[in-house]
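> One structure, as structure tokens, below. Some questions next.
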Amino acid sequence: MEKLGIDKNLATLLVQRGVTTFDEAKTFFRPSLDSLHDPFLMKDMDKAVERIEQAIKNKEKILVYGDYDVDGTTAVALVYLYLKRFFNKKKIEFYIPDRYEEGYGISYKGIDYAADNDFSLVIALDCGIKAVEKIEYANSRNVDFIICDHHRAGDTIPNAVAVLDPKRPDCEYPDKDLSGCGVGFKLVTALCQHNGGSMDEIYDSLDLLAVSIAADIVPIVGENRILAHYGLEKLNKDPRPGFLAMLQYANVFPKNDSEDELNALTRKLTISDLVFKIGPRINAAGRIDKASNAVRLLTTDKPELALKLASAVNELNDTRREYDNSITEEALAMINADSEMRNAHSTVVFNEEWHKGVIGIVASRLTDYYFRPTIVLTRANDLVTGSARSIKDFDIYDAIDSCSDLLEHFGGHKYAAGLSLKPENLEEFRHRFEEYVSTHLAEEDLIPDVEIDLNINLNDITPKFVRILKQFAPFGPGNMSPLFRTDGVIDTGHSRQVGAGRHLKLSITQQGRKGEKGEEVSPFSAIAFQKGDLYDRIHRGEPFSICYHIEENFWQGKTSLQLNVKDIKFAEEL
């Protein structure tokens with residue numbers, strides 16, 4: 001690592017991420033679009049391109065079909081925007097199934113819509129890998145399908161014209177962790193290459209891809225790291241009107257305030273911003289109302305329309321938040337009132353009155369609260385339907401698959417899945433799911449641990465250290481923001497409680513800390529959420545240890561360094 005000119009702490013962080021050579025480090029710090037894999041390495045890509053070229057040549061009608069979440073809507077927007085340049089506007093449409101009337105994935109209603117309106121080709125995005133019977137129905141109605149999915153395949157691959165999915169067992173595509181939008185990106189990349197077009201046309205949509213990567217929580221390694229890097233660059237330099245409008249409503253980008261303008265000059269969007277600022281707003285459209293409005297927002301080039309649509313989406317997000325909070329409280333009360341549920345290795349809760357659009361969010365919250373595999377269920381028509389979320393290193397897809405004989409449908413990933421079953425199978429499913437989890441997880445697996453990347457001193461946090469650390473981004477699964485530990489931390493006397501006493505705004509240094517020449521050095525600013533009860537001990541000058549992320553804080557046009565403290569321990573607790 002001497003060639004890179006970095007210290008041993010940063011070199012250790014690189015090694016932890018599997019970067020052990022100079023060339024690997026160059027690739028890590030300087031992601032290149034030239035490093036992306038050939039899209040034709042993906043199984044059936046040649047068939048997909050040939051069928052779309054046939055549709056263009058014969059002036060067929062084409063329907064771009066996608067799931068109603070962030071990954072699906074961004075995928076639809078990306079593919080639709082590329083393809084519409086080849087079709088008369090009456091020849092191409094997009095279609096998002098209604099969460100409540102049609103459910104997840106390819107629907108019979110969607111197939112009928114295509115057939116009844118003379119769409120001879122449907123491109124399904126972020127769904128379809130298990131739609132075996134529905135594709136047979138589509139074939140009977142003379143509607144061809146190209147499936148672009150990234151979920152795990154079942155025993156049978158649907159009989160579509162082409163099935164693009166890097167996770168299908170017979171696909172040798174090198175990167176298995178693309179988002180659904182990422183598979184759509186590979187499709188339009190292949191089309192562009194086939195037509196000899198400019199790749200700039202494709203790369204202009206990388207902002208959509210970055211949002212899908214962030215929101216779908218796919219590993220930010222390999223191709224996803226490259227795509228997220230350039231997608232964030234696009235978002236920061238030239239956000240499309242829809243993203244700009246959403247970020248304005250999220251108070252990230254300015255509306256008209258001059259002070260906010262100063263913030264925008266220094267503010268750089270991160271993966272975290274996409275997850276917490278953009279993702280929920282796009283999701284809210286499909287959770288509470290029609291996800292097609294999210295696609296309109298993502299595809300418009302008119303700033304005025306974008307602001308109007310973003311306003312509506314923002315209101316839906318407020319409504320989503322209200323549902324989310326109330327259902328989470330009800331679910332927690334249900335678990336606390338039942339000793340068997342409290343002491344279980346898993347959580348399976350059901351209430352037929354819960355809003356279907358937010359149960360995935362509630363499942364995530366309950367997983368965070370109890371740290372165990374969780375399924376939240378509600379009623380949809382004649383079925384019980386729900387969302388599942390997991391904890392680190394536990395494959396919830398396999399757990400659900402072990403109960404597949406009790407289910408009508410299921411699909412998903414290692415850490416998130418969806419399922420539906422008949423009401424009479426609910427209790428048996430709850431019992432078997434708990435049995436599977438309890439035999440595959442030990443008690444210690446259900447205790448969340450804090451994985452510290454490195455022990456450092458505060459003096460190690462130099463401007464050069466921070467400058468290079470920022471180049472480790474974008475952060476996310478597979479490349480998380482490093483968590484540091486520092487011992488012997490003390491209050492400078494200027495720390496205080498904030499947020500009605502719930503949080504701590506810390507001003508800290510380290511025992512014996514001096515500059516290189518023995519001079520006094522500036523303290524570090526830190527924020528510690530939900531640690532307000534520790535104020536008295538800290539204020540008395542008692543030494544403590546912290547684990548934290550190093551972040552930048554933006555305020556009134558100024559950028560400052562801040563430690564985001566995740567845990568505080570005093571000597572007797574270590």
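The way I read the labels, and the way they are meant: chains A, B, ... in the order of the structure tokens, residue 1 as the first residue of every chain, and ligand 1 as the first ligand shown, with later ones counted on from there.
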Leaving out Tyr108 (chain A) and any residue of its chain fewer than 3 positions from it, which residues lie within 10 Å of it when counting only C-alpha atoms, given as a list of chain:residue names?

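So the residues in contact are A:Glu102, A:Gly105, A:Ile111, A:Asp112, A:Tyr113, A:Ala114, A:Glu133, A:Lys134, A:Ile135, A:Tyr137, A:Ala138.
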
> Just list the residues in region 344-548 of chain A DSSP gives alpha helix (DSSP H) on the backbone, as a PyMOL selection string.

chain A and resi 359-370+396-401+426-440+463-470+535-539

> Next, the residues of the selection above should be written as a tab-separated table (two decimals), in the first residue's frame with N, CA and C atoms.


```tsv
chain	number	residue	atom	x	y	z
A	359	ILE	N	-46.84	-2.94	5.33
A	359	ILE	CA	-46.43	-4.04	6.21
A	359	ILE	C	-44.97	-4.41	6.03
A	360	GLY	N	-44.40	-4.14	4.85
A	360	GLY	CA	-42.97	-4.39	4.67
A	360	GLY	C	-42.13	-3.48	5.55
A	361	ILE	N	-42.54	-2.22	5.63
A	361	ILE	CA	-41.84	-1.26	6.50
A	361	ILE	C	-41.97	-1.69	7.96
A	362	VAL	N	-43.18	-2.09	8.35
A	362	VAL	CA	-43.41	-2.54	9.73
A	362	VAL	C	-42.55	-3.76	10.04
A	363	ALA	N	-42.45	-4.69	9.08
A	363	ALA	CA	-41.60	-5.87	9.28
A	363	ALA	C	-40.15	-5.45	9.54
A	364	SER	N	-39.67	-4.47	8.81
A	364	SER	CA	-38.30	-3.98	9.03
A	364	SER	C	-38.14	-3.38	10.42
A	365	ARG	N	-39.14	-2.62	10.85
A	365	ARG	CA	-39.07	-2.00	12.18
A	365	ARG	C	-39.09	-3.05	13.28
A	366	LEU	N	-39.93	-4.05	13.15
A	366	LEU	CA	-39.99	-5.10	14.16
A	366	LEU	C	-38.70	-5.92	14.18
A	367	THR	N	-38.11	-6.12	13.01
A	367	THR	CA	-36.82	-6.83	12.95
A	367	THR	C	-35.75	-6.05	13.69
A	368	ASP	N	-35.73	-4.75	13.49
A	368	ASP	CA	-34.77	-3.91	14.21
A	368	ASP	C	-35.03	-3.96	15.72
A	369	TYR	N	-36.30	-3.97	16.11
A	369	TYR	CA	-36.66	-3.90	17.53
A	369	TYR	C	-36.33	-5.20	18.26
A	370	TYR	N	-36.69	-6.34	17.67
A	370	TYR	CA	-36.50	-7.62	18.35
A	370	TYR	C	-35.30	-8.41	17.83
A	396	ILE	N	-33.95	-15.91	4.96
A	396	ILE	CA	-35.39	-16.02	5.22
A	396	ILE	C	-36.12	-16.64	4.03
A	397	TYR	N	-35.54	-16.52	2.85
A	397	TYR	CA	-36.14	-17.16	1.67
A	397	TYR	C	-36.16	-18.67	1.86
A	398	ASP	N	-35.04	-19.23	2.34
A	398	ASP	CA	-34.98	-20.68	2.58
A	398	ASP	C	-35.97	-21.10	3.67
A	399	ALA	N	-36.12	-20.24	4.69
A	399	ALA	CA	-37.05	-20.57	5.78
A	399	ALA	C	-38.48	-20.62	5.25
A	400	ILE	N	-38.85	-19.67	4.42
A	400	ILE	CA	-40.20	-19.66	3.84
A	400	ILE	C	-40.37	-20.82	2.86
A	401	ASP	N	-39.32	-21.09	2.10
A	401	ASP	CA	-39.36	-22.20	1.13
A	401	ASP	C	-39.62	-23.54	1.83
A	426	LEU	N	-52.61	-20.55	8.17
A	426	LEU	CA	-51.79	-19.57	8.89
A	426	LEU	C	-51.15	-20.15	10.15
A	427	GLU	N	-51.92	-20.81	10.99
A	427	GLU	CA	-51.36	-21.31	12.25
A	427	GLU	C	-50.30	-22.38	12.01
A	428	GLU	N	-50.55	-23.25	11.05
A	428	GLU	CA	-49.55	-24.28	10.73
A	428	GLU	C	-48.29	-23.63	10.17
A	429	PHE	N	-48.46	-22.60	9.35
A	429	PHE	CA	-47.28	-21.90	8.82
A	429	PHE	C	-46.51	-21.23	9.95
A	430	ARG	N	-47.21	-20.57	10.85
A	430	ARG	CA	-46.54	-19.91	11.98
A	430	ARG	C	-45.72	-20.91	12.78
A	431	HIS	N	-46.31	-22.08	13.03
A	431	HIS	CA	-45.62	-23.12	13.81
A	431	HIS	C	-44.39	-23.64	13.07
A	432	ARG	N	-44.52	-23.94	11.79
A	432	ARG	CA	-43.41	-24.52	11.04
A	432	ARG	C	-42.30	-23.50	10.77
A	433	PHE	N	-42.69	-22.27	10.56
A	433	PHE	CA	-41.69	-21.22	10.36
A	433	PHE	C	-40.86	-21.04	11.63
A	434	GLU	N	-41.52	-20.99	12.78
A	434	GLU	CA	-40.81	-20.86	14.05
A	434	GLU	C	-39.91	-22.08	14.29
A	435	GLU	N	-40.39	-23.24	13.96
A	435	GLU	CA	-39.60	-24.46	14.14
A	435	GLU	C	-38.33	-24.41	13.29
A	436	TYR	N	-38.46	-23.96	12.04
A	436	TYR	CA	-37.30	-23.86	11.16
A	436	TYR	C	-36.30	-22.85	11.72
A	437	VAL	N	-36.79	-21.68	12.11
A	437	VAL	CA	-35.90	-20.64	12.63
A	437	VAL	C	-35.20	-21.11	13.89
A	438	SER	N	-35.93	-21.73	14.80
A	438	SER	CA	-35.34	-22.14	16.08
A	438	SER	C	-34.29	-23.22	15.92
A	439	THR	N	-34.39	-24.02	14.85
A	439	THR	CA	-33.38	-25.06	14.63
A	439	THR	C	-32.19	-24.57	13.81
A	440	HIS	N	-32.32	-23.39	13.21
A	440	HIS	CA	-31.23	-22.85	12.39
A	440	HIS	C	-30.55	-21.63	12.99
A	463	PRO	N	-7.11	15.57	8.21
A	463	PRO	CA	-7.78	15.93	6.95
A	463	PRO	C	-7.49	14.96	5.82
A	464	LYS	N	-6.25	14.47	5.71
A	464	LYS	CA	-5.91	13.51	4.67
A	464	LYS	C	-6.65	12.20	4.89
A	465	PHE	N	-6.71	11.74	6.15
A	465	PHE	CA	-7.42	10.52	6.49
A	465	PHE	C	-8.88	10.61	6.05
A	466	VAL	N	-9.52	11.72	6.36
A	466	VAL	CA	-10.94	11.91	6.01
A	466	VAL	C	-11.11	12.01	4.50
A	467	ARG	N	-10.19	12.70	3.83
A	467	ARG	CA	-10.28	12.87	2.38
A	467	ARG	C	-10.23	11.51	1.67
A	468	ILE	N	-9.33	10.64	2.12
A	468	ILE	CA	-9.22	9.32	1.50
A	468	ILE	C	-10.39	8.44	1.91
A	469	LEU	N	-10.83	8.55	3.16
A	469	LEU	CA	-11.96	7.75	3.63
A	469	LEU	C	-13.21	8.04	2.81
A	470	LYS	N	-13.40	9.28	2.40
A	470	LYS	CA	-14.56	9.63	1.58
A	470	LYS	C	-14.54	8.89	0.25
A	535	TYR	N	-25.85	11.72	29.99
A	535	TYR	CA	-25.26	13.07	30.06
A	535	TYR	C	-24.55	13.33	31.39
A	536	ASP	N	-25.18	12.99	32.50
A	536	ASP	CA	-24.60	13.33	33.81
A	536	ASP	C	-23.22	12.70	33.99
A	537	ARG	N	-23.07	11.43	33.65
A	537	ARG	CA	-21.77	10.76	33.82
A	537	ARG	C	-20.72	11.38	32.90
A	538	ILE	N	-21.12	11.68	31.69
A	538	ILE	CA	-20.18	12.27	30.73
A	538	ILE	C	-19.79	13.67	31.18
A	539	HIS	N	-20.75	14.44	31.63
A	539	HIS	CA	-20.50	15.82	32.03
A	539	HIS	C	-19.60	15.90	33.28
```

> Using only C-alpha atoms, which protein or nucleic acid residues come within 12 Å of Asp289 (chain A)? Drop anything in the same chain fewer than 6 positions from it, and give the result as number ranges by chain.

A: 68-69, 96-101, 281-283, 312-317, 319-320, 355-358

> Using only C-alpha atoms, determine which residues lie at most 10 Å from Lys234 (chain A), disregarding the query and same-chain residues fewer than 4 positions distant; provide the list as JSON, numbers by chain.

{"A": [203, 204, 205, 206, 207, 208, 210, 228, 229, 230, 238, 239, 240]}

> Residues of the last selection are to be written out with all heavy atoms, as a short mmCIF file (atom, residue, chain, number, x, y, z; two decimals), in the first residue's frame.


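Saved the output as out.cif:
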```
data_model
loop_
_atom_site.label_atom_id
_atom_site.label_comp_id
_atom_site.auth_asym_id
_atom_site.auth_seq_id
_atom_site.Cartn_x
_atom_site.Cartn_y
_atom_site.Cartn_z
N TYR A 203 -25.92 6.02 -20.10
CA TYR A 203 -25.35 6.48 -18.84
C TYR A 203 -26.11 7.67 -18.26
O TYR A 203 -26.00 7.95 -17.06
CB TYR A 203 -23.87 6.85 -19.05
CG TYR A 203 -23.00 5.67 -19.43
CD1 TYR A 203 -21.82 5.85 -20.15
CD2 TYR A 203 -23.35 4.38 -19.06
CE1 TYR A 203 -21.02 4.76 -20.50
CE2 TYR A 203 -22.56 3.29 -19.40
CZ TYR A 203 -21.40 3.49 -20.13
OH TYR A 203 -20.62 2.41 -20.47
N ASP A 204 -26.90 8.35 -19.06
CA ASP A 204 -27.70 9.45 -18.56
C ASP A 204 -28.79 8.96 -17.60
O ASP A 204 -29.37 9.75 -16.86
CB ASP A 204 -28.35 10.20 -19.74
CG ASP A 204 -28.93 11.54 -19.32
OD1 ASP A 204 -28.18 12.34 -18.72
OD2 ASP A 204 -30.13 11.77 -19.56
N SER A 205 -29.05 7.65 -17.58
CA SER A 205 -30.08 7.08 -16.70
C SER A 205 -29.50 6.42 -15.45
O SER A 205 -30.22 5.74 -14.72
CB SER A 205 -30.91 6.05 -17.47
OG SER A 205 -31.62 6.65 -18.52
N LEU A 206 -28.21 6.62 -15.21
CA LEU A 206 -27.59 5.97 -14.06
C LEU A 206 -28.10 6.50 -12.72
O LEU A 206 -27.96 5.83 -11.69
CB LEU A 206 -26.07 6.11 -14.13
CG LEU A 206 -25.37 5.24 -15.19
CD1 LEU A 206 -23.87 5.50 -15.20
CD2 LEU A 206 -25.65 3.76 -14.94
N ASP A 207 -28.70 7.69 -12.73
CA ASP A 207 -29.30 8.18 -11.49
C ASP A 207 -30.46 7.29 -11.06
O ASP A 207 -30.63 6.99 -9.88
CB ASP A 207 -29.74 9.64 -11.63
CG ASP A 207 -30.67 9.87 -12.82
OD1 ASP A 207 -30.75 9.00 -13.71
OD2 ASP A 207 -31.30 10.95 -12.86
N LEU A 208 -31.26 6.84 -12.04
CA LEU A 208 -32.35 5.90 -11.73
C LEU A 208 -31.79 4.60 -11.15
O LEU A 208 -32.32 4.05 -10.19
CB LEU A 208 -33.14 5.58 -13.00
CG LEU A 208 -33.95 6.74 -13.60
CD1 LEU A 208 -34.36 6.41 -15.03
CD2 LEU A 208 -35.17 7.04 -12.75
N ALA A 210 -28.89 4.16 -9.56
CA ALA A 210 -28.34 4.37 -8.22
C ALA A 210 -29.43 4.32 -7.16
O ALA A 210 -29.25 3.74 -6.08
CB ALA A 210 -27.60 5.70 -8.16
N ALA A 228 -23.47 2.71 -8.90
CA ALA A 228 -23.90 3.64 -7.85
C ALA A 228 -23.01 4.87 -7.82
O ALA A 228 -23.49 5.99 -7.62
CB ALA A 228 -23.88 2.93 -6.49
N HIS A 229 -21.71 4.69 -8.03
CA HIS A 229 -20.77 5.81 -8.04
C HIS A 229 -21.16 6.84 -9.10
O HIS A 229 -21.27 8.04 -8.81
CB HIS A 229 -19.35 5.29 -8.29
CG HIS A 229 -18.33 6.36 -8.51
ND1 HIS A 229 -17.66 6.98 -7.47
CD2 HIS A 229 -17.87 6.95 -9.65
CE1 HIS A 229 -16.83 7.88 -7.95
NE2 HIS A 229 -16.94 7.89 -9.27
N TYR A 230 -21.37 6.37 -10.32
CA TYR A 230 -21.68 7.29 -11.41
C TYR A 230 -23.13 7.79 -11.34
O TYR A 230 -23.43 8.90 -11.79
CB TYR A 230 -21.37 6.64 -12.75
CG TYR A 230 -19.89 6.60 -13.02
CD1 TYR A 230 -19.15 5.46 -12.75
CD2 TYR A 230 -19.21 7.72 -13.49
CE1 TYR A 230 -17.77 5.42 -12.96
CE2 TYR A 230 -17.84 7.70 -13.70
CZ TYR A 230 -17.12 6.55 -13.43
OH TYR A 230 -15.76 6.53 -13.62
N ASP A 238 -26.51 16.89 -12.00
CA ASP A 238 -27.60 17.23 -12.90
C ASP A 238 -28.80 16.31 -12.64
O ASP A 238 -29.14 15.46 -13.46
CB ASP A 238 -27.13 17.08 -14.36
CG ASP A 238 -28.21 17.44 -15.37
OD1 ASP A 238 -29.07 18.26 -15.03
OD2 ASP A 238 -28.18 16.88 -16.48
N PRO A 239 -29.47 16.46 -11.48
CA PRO A 239 -30.60 15.58 -11.17
C PRO A 239 -31.77 15.81 -12.12
O PRO A 239 -32.06 16.95 -12.48
CB PRO A 239 -30.97 15.96 -9.73
CG PRO A 239 -30.49 17.37 -9.57
CD PRO A 239 -29.25 17.46 -10.42
N ARG A 240 -32.42 14.74 -12.53
CA ARG A 240 -33.60 14.90 -13.38
C ARG A 240 -34.69 15.61 -12.59
O ARG A 240 -34.68 15.60 -11.35
CB ARG A 240 -34.07 13.54 -13.90
CG ARG A 240 -34.64 12.60 -12.86
CD ARG A 240 -34.98 11.23 -13.47
NE ARG A 240 -33.81 10.63 -14.08
CZ ARG A 240 -33.77 10.22 -15.35
NH1 ARG A 240 -34.83 10.31 -16.11
NH2 ARG A 240 -32.66 9.69 -15.84
#
```

> Which neighbours of region 457-460 of chain A fall inside 10 Å, counting only C-alpha atoms, when residues of the same chain fewer than 4 positions from it are skipped, and could you give them as a list in words?

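Counting only C-alpha atoms, the residues come to Asp7, Asn9, Lys464, Phe465, Val466, Phe484, Arg485, Thr486, Asp487, Gly488, Val489, Ile508, Thr509, Gln510, Arg513, Lys514, Gly515, Glu516, Val521, Pro523 and Phe524 of chain A.
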
> Give me the residues near Val348 (chain A) as a list in words, where near means some atom within 8 Å (using only C-alpha atoms) and where sequence neighbours in that chain fewer than 4 positions away do not count.

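These residues fall inside the cut-off: Thr374, Ile375, Val376, Leu377 and Arg430 of chain A.
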
> Could the residues in this selection be written to a file with C-alpha atoms, as a PDB file, in the first residue's frame?


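What landed in out-v2.pdb:
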```
ATOM      1  CA  THR A 374     -40.031 -11.320  11.079  1.00  0.00           C
ATOM      2  CA  ILE A 375     -43.160 -11.712   8.975  1.00  0.00           C
ATOM      3  CA  VAL A 376     -46.033  -9.214   9.061  1.00  0.00           C
ATOM      4  CA  LEU A 377     -49.312 -10.395   7.529  1.00  0.00           C
ATOM      5  CA  ARG A 430     -46.537 -19.910  11.981  1.00  0.00           C
TER       6      ARG A 430
END
```

> Using only C-alpha atoms, which residues sit within 10 Å of Glu408 (chain A) once same-chain residues fewer than 3 positions away are excluded, as number ranges by chain?

A: 383-385, 404-405, 419-422

> Write the selection just made, keeping N, CA, C and O atoms, as a compact mmCIF listing (two decimals), in the first residue's frame?


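Just written: again29.txt:
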```
# COMPACT_ATOMS: atom_id res chain seq x y z
N LEU A 383 -56.99 -14.10 0.65
CA LEU A 383 -55.72 -14.65 1.10
C LEU A 383 -55.12 -13.82 2.23
O LEU A 383 -55.41 -12.63 2.39
N VAL A 384 -54.27 -14.47 3.00
CA VAL A 384 -53.40 -13.79 3.95
C VAL A 384 -52.10 -13.51 3.21
O VAL A 384 -51.50 -14.41 2.61
N THR A 385 -51.67 -12.27 3.22
CA THR A 385 -50.48 -11.89 2.46
C THR A 385 -49.56 -11.04 3.32
O THR A 385 -50.02 -10.37 4.24
N SER A 404 -43.24 -24.15 1.85
CA SER A 404 -43.86 -23.79 0.57
C SER A 404 -45.14 -24.55 0.27
O SER A 404 -46.01 -24.06 -0.45
N ASP A 405 -45.29 -25.77 0.83
CA ASP A 405 -46.51 -26.53 0.59
C ASP A 405 -47.74 -25.89 1.21
O ASP A 405 -48.88 -26.22 0.86
N LEU A 419 -45.03 -13.20 0.55
CA LEU A 419 -45.71 -14.49 0.53
C LEU A 419 -47.21 -14.31 0.68
O LEU A 419 -47.68 -13.26 1.13
N SER A 420 -47.96 -15.32 0.25
CA SER A 420 -49.40 -15.34 0.47
C SER A 420 -49.84 -16.77 0.72
O SER A 420 -49.23 -17.72 0.21
N LEU A 421 -50.89 -16.93 1.53
CA LEU A 421 -51.38 -18.25 1.89
C LEU A 421 -52.85 -18.18 2.23
O LEU A 421 -53.40 -17.09 2.48
N LYS A 422 -53.51 -19.33 2.26
CA LYS A 422 -54.91 -19.37 2.65
C LYS A 422 -55.02 -19.20 4.17
O LYS A 422 -54.15 -19.67 4.91
```

> Check region 321-515 of chain A with DSSP on the backbone and list each residue it calls strand (DSSP E), as a PyMOL selection string.

chain A and resi 347-350+374-380+383-389+407-412+416-421+454-455+484-491+496-498+503-510

> My list of candidates is A:Ala571, A:Ala55, A:Leu83, A:Leu10. Which is closest to Leu191 (chain A) when distances are computed with only C-alpha atoms?

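Of all the options, A:Leu83 lies closest to Leu191 (chain A).
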